[in-house]
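> Once you've had a glance at the structure underneath, I'll fire off some questions.
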Amino acid sequence: MVDRNRKDSLQLLRVQNDLNSIALAMRDMLDTTEPYPLTAWTAQFERIHQDLDTGLKLEENLAGANRTPEQRLYLSQAVGAILGRGEPDVRAGAERQGAEAREQIRLSLQARQQALSTAVSRLLVGNNEGEELAAARIAQIYDGVQRQLLFFIR
């Protein structure tokens, strides 16, 4: 159980890293001093999308009973909202005026990314608390075994 929880935490850290990469890419996209059109970030978003998708699938398998159905649904919907809107906004940047596309990113995508990042952070905190409880329980078991051994030896 402890090992599974740690692997789940590693996948959540992977997801959090991908979300931070998305945030950095959006920050760069919104920087008007950059000479690049919004379509220049398409490949980066696609790469992050693939890694995020893979990480979430692995995390879902590892999370098991640690997640409520509501948490799973929220996580999948929030990621879908970012990925489903992020890449089209980048691609549509070439068709729309740059300022309009950048405003859409600023108003919509950044808020969704921040909310999802917060949710993933909460899941990580929950995993850490679960690990602490499991470690305390394991220590109690070892203490009990040690007491029983001392009782039998005396």
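As shown in the structure tokens, the chain order sets the letters A, B, ...; within each chain, residues go from 1, and ligands are also counted from 1 in the order they appear.
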Env of Arg122 of chain A: 12 Å cut, atoms = only C-alpha atoms, seq-sep filter 4 positions within chain, self excluded. Answer as a count of residues only.

15

> Show me, as a list in words, the residues that have an atom within 12 Å of Leu58 of chain A when counting only C-alpha atoms, minus same-chain residues fewer than 6 positions from it.

Arg4, Lys7, Asp8, Ser9, Leu10, Gln11, Leu12, Arg14, Val15, Asp51, Leu52 and Gly64 of chain A

> Using only C-alpha atoms, which protein or nucleic acid residues come within 10 Å of segment 25-33 of chain A? Drop anything in the same chain fewer than 5 positions from it, and give the result as a ChimeraX atom specification.

/A:19-20,38-41,44-45,86,90,98-99,101-103,105-106,109-110,113

> Could the residues in this selection be written to a file with C-alpha atoms, as a PDB file, in the first residue's frame?


ATOM      1  CA  LEU A  19       0.754  21.689 -15.582  1.00  0.00           C
ATOM      2  CA  ASN A  20       3.651  23.956 -14.666  1.00  0.00           C
ATOM      3  CA  LEU A  38       0.845  31.621 -31.145  1.00  0.00           C
ATOM      4  CA  THR A  39       1.176  28.662 -33.499  1.00  0.00           C
ATOM      5  CA  ALA A  40       4.845  28.383 -32.513  1.00  0.00           C
ATOM      6  CA  TRP A  41       3.729  26.668 -29.281  1.00  0.00           C
ATOM      7  CA  GLN A  44       5.024  22.048 -27.179  1.00  0.00           C
ATOM      8  CA  PHE A  45       1.336  21.803 -26.227  1.00  0.00           C
ATOM      9  CA  GLY A  86      -5.539  24.836 -24.982  1.00  0.00           C
ATOM     10  CA  VAL A  90      -3.037  27.872 -29.987  1.00  0.00           C
ATOM     11  CA  GLY A  98      -3.309  37.589 -31.841  1.00  0.00           C
ATOM     12  CA  ALA A  99      -4.722  39.917 -29.188  1.00  0.00           C
ATOM     13  CA  ALA A 101      -6.456  34.689 -28.811  1.00  0.00           C
ATOM     14  CA  ARG A 102      -4.117  35.924 -26.099  1.00  0.00           C
ATOM     15  CA  GLU A 103      -7.030  37.400 -24.164  1.00  0.00           C
ATOM     16  CA  ILE A 105      -5.745  32.341 -22.920  1.00  0.00           C
ATOM     17  CA  ARG A 106      -5.407  34.953 -20.197  1.00  0.00           C
ATOM     18  CA  LEU A 109      -6.953  28.817 -19.740  1.00  0.00           C
ATOM     19  CA  GLN A 110      -4.772  30.306 -17.034  1.00  0.00           C
ATOM     20  CA  GLN A 113      -4.656  25.600 -15.177  1.00  0.00           C
TER      21      GLN A 113
END

> May I ask for the distance between atom CA of Ala119 of chain A and atom CA of Arg137 of chain A, given in Å to one decimal place?

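Atom-to-atom, atom CA of Ala119 of chain A and atom CA of Arg137 of chain A are spaced 26.9 Å apart.
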